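See below for the structure under consideration.
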Amino acid sequence: MAMVEQPRPLSSPSTSGTAMVPSWLNAQLQYLRMHSPVPLKVENLRSGARNGHILDRFSLFVPCCLSYVKWDVVYNGNDTRVAPDIIFGADDETFQPLMDDSELSPCYYLRDWTVADPTRLLKLILLIRGLYLQYQRKKVEEVSDERVRFEMSTMAAIQGLEMCVTTISEGMEEVNFAFPLVLEMENPHSATNSQSSSITCSDISLQVKFPVRGGQSGGGAPQLKLVAPEGMRDVFDVDDVKLPVWPEHMCLVEYKPTLELTLQQQVREARASVRLRRNFVEALFPFFGHPLEVDTLYYRKASILTSFGVFTFLVHFVLPIQFPKIQPSFTFQSSQDYPWSPRWEASEMAQRIFDFVAEECLAFKRSCGDILSQR
């Protein structure tokens with residue numbers, strides 16, 4: 001199995017030059033995009049014929065263990081009665097989901113295939129993905145390393161667990177485990193109704209990699225990576241988390257509660273920081289004036305038009321997630337910033353900016369020195 005980087009988000013199908021996506025495939029892809037319970041990604045819509053006018057095949061990125069595997073879906077644009085072929089990666093030659101012809105097999109969907117049903121493609125992909133996760137689990141079970149076998153024997157109670165084996169190089173593999181972490185958080189609505197005072201959050205997941213060379217994983221801590229939705233970064237960035245130390249002889253199931261408690265506290269602090277950022281932004285207004293623009297969701301940014309004497313300018317504030325532990329930054333902006341003319345040669349443009357920066361740098365240095373001497 002070869003993992004790939006996370007691809008770009010799925011966009012609406014479009015035409016490519018004179019070629020176009022047929023309406024029946026467009027309906028299938030739109031349904032997949034809108035209703036998939038997992039983040040499937042479509043890329044490289046193309047035609048199977050040279051200079052063809054019908055885009056009837058594409059690459060599909062399927063999530064597995066918090067990474068993606070690439071499959072190719074191939075239709076026959078000239079005969080819509082033919083079910084699509086799905087081509088798996090070169091490392092998955094032994095994955096043969098069509099060998100089973102029961103009602104739980106993909107053959108059940110392919111036998112009476114019709115493009116008139118826009119749900120068919122998504123149902124087929126989800127079924128094959130489920131079989132693929134089973135296939136990868138069996139591959140992990142076949143790993144002879146004692147440590148990997150022991151870790152697997154302790155994971156039965158972990159909900160949402162996925163596992164796979166990836167080939168890194170000749171004789172070098174990685175056994176990957178991935179699962180959502182369970183965090184107990186305060187319920188923001190509990191004060192206004194009869195709901196519980198806490199809720200369960202499982203937006204953050206953990207990816208664990210055990211390198212295996214020659215069938216042996218060796219000692220030491222595995223590679224750990226936290227993964228969270230992109231939209232969560234404005235509240236809490238998992239890249240800033242300092243993971244707890246992995247003690248010697250500790251297994252993953254023992255490490256998991258310690259990590260969850262650490263994250264639980266940090267997420268709570270990040271949520272509290274939203275309120276503190278809001279209080280700070282509102283405290284700016286009496287001094288600087290009414291804001292032009294404010295991020296009223298997370299209070300990470302604010303722009304204010306202010307003046308001193310006859311000089312009017314903009315101040316842009318940026319508040320870090322870790323506020324107030326980390327101080328905010330701000331930028332001045334004015335149409336009178338520095339001399340400029342679009343008619344200058346490039347060398348003069350650069351020289352004028354350098355001269356301005358050099359002059360302002362001295363003033364900035366004096367200002368920082370005054371602040372430090374007053375502390």
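Residue numbers start at 1 in each chain; chains themselves are named A, B, ... in the order of the structure tokens; ligands are numbered from 1 in the order shown.
Residue-level DSSP output for region 12-150 of chain A, from the backbone, shows strand (DSSP E or B) at Ser16, Ala19, Met20, Lys41, Val42, Glu43, Asn44, Leu45, Arg46, Ile54, Arg57, Phe58, Ser59, Leu60, Phe61, Val62, Pro63, Cys64, Ser67, Tyr68, Val69, Lys70, Trp71, Asp72, Val73, Val74, Asp85, Ile86 and Ile87 of chain A.
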Got time to write the residues from that selection, C-alpha atoms, as an mmCIF file, in the first residue's frame?
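Okay, this is what ended up in result_17.cif:
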```
data_model
loop_
_atom_site.group_PDB
_atom_site.id
_atom_site.type_symbol
_atom_site.label_atom_id
_atom_site.label_comp_id
_atom_site.auth_asym_id
_atom_site.auth_seq_id
_atom_site.Cartn_x
_atom_site.Cartn_y
_atom_site.Cartn_z
ATOM 1 C CA SER A 16 -11.585 20.668 -19.982
ATOM 2 C CA ALA A 19 -14.085 17.765 -23.556
ATOM 3 C CA MET A 20 -16.857 17.692 -20.991
ATOM 4 C CA LYS A 41 -11.361 13.390 -3.272
ATOM 5 C CA VAL A 42 -11.678 13.431 -7.053
ATOM 6 C CA GLU A 43 -8.863 14.615 -9.330
ATOM 7 C CA ASN A 44 -7.654 14.392 -12.913
ATOM 8 C CA LEU A 45 -10.905 14.001 -14.804
ATOM 9 C CA ARG A 46 -9.871 12.831 -18.253
ATOM 10 C CA ILE A 54 -16.083 12.781 -23.079
ATOM 11 C CA ARG A 57 -12.373 8.457 -15.932
ATOM 12 C CA PHE A 58 -10.750 10.032 -12.913
ATOM 13 C CA SER A 59 -8.471 9.446 -9.942
ATOM 14 C CA LEU A 60 -10.159 8.882 -6.595
ATOM 15 C CA PHE A 61 -8.343 9.452 -3.296
ATOM 16 C CA VAL A 62 -9.771 7.257 -0.561
ATOM 17 C CA PRO A 63 -9.038 7.869 3.150
ATOM 18 C CA CYS A 64 -7.258 5.133 5.071
ATOM 19 C CA SER A 67 -3.827 9.296 4.816
ATOM 20 C CA TYR A 68 -5.062 8.545 1.298
ATOM 21 C CA VAL A 69 -4.740 5.747 -1.223
ATOM 22 C CA LYS A 70 -5.184 6.463 -4.923
ATOM 23 C CA TRP A 71 -7.583 4.465 -7.060
ATOM 24 C CA ASP A 72 -8.567 5.077 -10.678
ATOM 25 C CA VAL A 73 -12.213 4.826 -11.717
ATOM 26 C CA VAL A 74 -12.660 4.034 -15.421
ATOM 27 C CA ASP A 85 -13.573 -0.581 -13.609
ATOM 28 C CA ILE A 86 -11.608 0.348 -10.490
ATOM 29 C CA ILE A 87 -7.822 0.114 -10.640
#
```
Contacts of Phe287 (chain A) within 9 Å, only C-alpha atoms, excl. fewer than 3 positions in-chain, as a list in words: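 After dropping sequence-adjacent residues, the list is Ala283, Leu284 and Thr306 of chain A.
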Counting only C-alpha atoms, the residue of A:Tyr132, A:Leu314, A:Pro286, A:Ile321 that sits nearest Arg271 (chain A): A:Ile321
Selected residue of minimal separation from Leu29 (chain A) among A:Pro118, A:Gly77, A:Gly231, A:Gly52, counting only C-alpha atoms: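 Looking only at the distances to Leu29 (chain A), the closest residue turns out to be A:Pro118.
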From region 140-331 of chain A, collect each residue whose DSSP state is alpha helix (DSSP H) and return the set as a PyMOL selection string. chain A and resi 140-141+146-153+252-288
Report as a short mmCIF file (atom, residue, chain, number, x, y, z; two decimals) with N, CA, C and O atoms, in the first residue's frame all protein, DNA and RNA residues lying within 10 Å of Ala27 (chain A), evaluated on only C-alpha atoms, omitting residues in the same chain fewer than 6 positions from it.
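In the end it all went to around_10.cif:
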```cif
data_model
loop_
_atom_site.label_atom_id
_atom_site.label_comp_id
_atom_site.auth_asym_id
_atom_site.auth_seq_id
_atom_site.Cartn_x
_atom_site.Cartn_y
_atom_site.Cartn_z
N PRO A 13 -17.27 19.23 -10.94
CA PRO A 13 -16.75 18.85 -12.25
C PRO A 13 -16.95 19.96 -13.28
O PRO A 13 -17.93 20.69 -13.23
N VAL A 21 -17.73 16.68 -19.00
CA VAL A 21 -18.23 15.60 -18.16
C VAL A 21 -19.68 15.32 -18.56
O VAL A 21 -20.51 16.23 -18.54
N ARG A 33 -19.87 13.87 -3.74
CA ARG A 33 -19.33 15.03 -3.03
C ARG A 33 -20.24 15.47 -1.89
O ARG A 33 -19.76 15.84 -0.81
N VAL A 115 -26.50 3.91 -14.76
CA VAL A 115 -26.06 5.28 -14.47
C VAL A 115 -27.24 6.16 -14.11
O VAL A 115 -27.05 7.31 -13.70
N ALA A 116 -28.47 5.65 -14.26
CA ALA A 116 -29.65 6.44 -13.91
C ALA A 116 -29.75 6.67 -12.41
O ALA A 116 -30.44 7.60 -11.97
N ASP A 117 -29.10 5.82 -11.62
CA ASP A 117 -29.11 5.96 -10.16
C ASP A 117 -27.84 6.69 -9.72
O ASP A 117 -26.76 6.10 -9.73
N PRO A 118 -27.92 7.97 -9.31
CA PRO A 118 -26.71 8.72 -8.96
C PRO A 118 -26.05 8.26 -7.67
O PRO A 118 -24.93 8.65 -7.36
N THR A 119 -26.73 7.39 -6.90
CA THR A 119 -26.17 6.93 -5.63
C THR A 119 -25.23 5.73 -5.80
O THR A 119 -24.51 5.37 -4.87
N LEU A 121 -22.44 4.98 -7.50
CA LEU A 121 -20.99 5.10 -7.41
C LEU A 121 -20.55 5.21 -5.95
O LEU A 121 -19.62 4.51 -5.53
#
```
Contacts between region 252-267 of chain A and region 200-225 of chain A, please, where a residue of region 200-225 of chain A counts if it comes within 12 Å (with only C-alpha atoms); show its shortest atom pair and distance in Å to one decimal, rows by chain and ascending number, as JSON lines.
```
{"residue": "A:Thr200", "atom": "CA", "partner": "A:Gln264", "partner_atom": "CA", "distance": 10.4}
{"residue": "A:Cys201", "atom": "CA", "partner": "A:Gln264", "partner_atom": "CA", "distance": 9.2}
{"residue": "A:Ser202", "atom": "CA", "partner": "A:Glu260", "partner_atom": "CA", "distance": 10.2}
{"residue": "A:Asp203", "atom": "CA", "partner": "A:Val267", "partner_atom": "CA", "distance": 11.1}
{"residue": "A:Ile204", "atom": "CA", "partner": "A:Leu263", "partner_atom": "CA", "distance": 9.0}
{"residue": "A:Ser205", "atom": "CA", "partner": "A:Glu260", "partner_atom": "CA", "distance": 10.2}
{"residue": "A:Leu206", "atom": "CA", "partner": "A:Lys256", "partner_atom": "CA", "distance": 9.1}
{"residue": "A:Gln207", "atom": "CA", "partner": "A:Leu252", "partner_atom": "CA", "distance": 11.0}
{"residue": "A:Val208", "atom": "CA", "partner": "A:Leu252", "partner_atom": "CA", "distance": 8.7}
{"residue": "A:Lys209", "atom": "CA", "partner": "A:Leu252", "partner_atom": "CA", "distance": 10.9}
{"residue": "A:Phe210", "atom": "CA", "partner": "A:Leu252", "partner_atom": "CA", "distance": 11.0}
{"residue": "A:Ala221", "atom": "CA", "partner": "A:Leu252", "partner_atom": "CA", "distance": 9.7}
{"residue": "A:Pro222", "atom": "CA", "partner": "A:Leu252", "partner_atom": "CA", "distance": 9.2}
{"residue": "A:Gln223", "atom": "CA", "partner": "A:Leu252", "partner_atom": "CA", "distance": 11.4}
{"residue": "A:Leu224", "atom": "CA", "partner": "A:Leu252", "partner_atom": "CA", "distance": 10.5}
{"residue": "A:Lys225", "atom": "CA", "partner": "A:Leu259", "partner_atom": "CA", "distance": 11.6}
```
CA of Phe317 (chain A) to CA of Arg278 (chain A), straight-line distance in Å: 12.3 Å
Which residue out of A:Gly369, A:Val281, A:Ser47, A:Asn176 has the minimum interatomic distance to Gln136 (chain A) when only C-alpha atoms are used? A:Asn176
Can you work out the spacing between CA of His53 (chain A) and CA of Thr18 (chain A) in Å, to one decimal?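 Computed distance, CA of His53 (chain A) to CA of Thr18 (chain A), equals 6.3 Å.
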For Thr154 (chain A), find every residue with an atom within 9 Å (counting only C-alpha atoms), except residues of its own chain fewer than 3 positions away, and show them as a short mmCIF file (atom, residue, chain, number, x, y, z; two decimals) with C-alpha atoms, in the first residue's frame.
```cif
data_model
loop_
_atom_site.label_atom_id
_atom_site.label_comp_id
_atom_site.auth_asym_id
_atom_site.auth_seq_id
_atom_site.Cartn_x
_atom_site.Cartn_y
_atom_site.Cartn_z
CA PHE A 150 1.07 -7.19 21.24
CA GLU A 151 -0.22 -3.71 20.36
CA ALA A 157 -11.93 -1.66 22.68
CA ILE A 158 -10.74 1.32 20.61
CA CYS A 251 1.86 0.36 24.95
CA LEU A 252 -0.46 2.51 22.88
CA VAL A 253 -3.57 1.73 24.92
#
```
Need the shell around region 141-147 of chain A: protein/DNA/RNA residues with any atom at most 6 Å away, counting only C-alpha atoms. Skip same-chain ones fewer than 2 positions apart. Format as a ChimeraX atom specification? /A:138-139,149-150,215-216
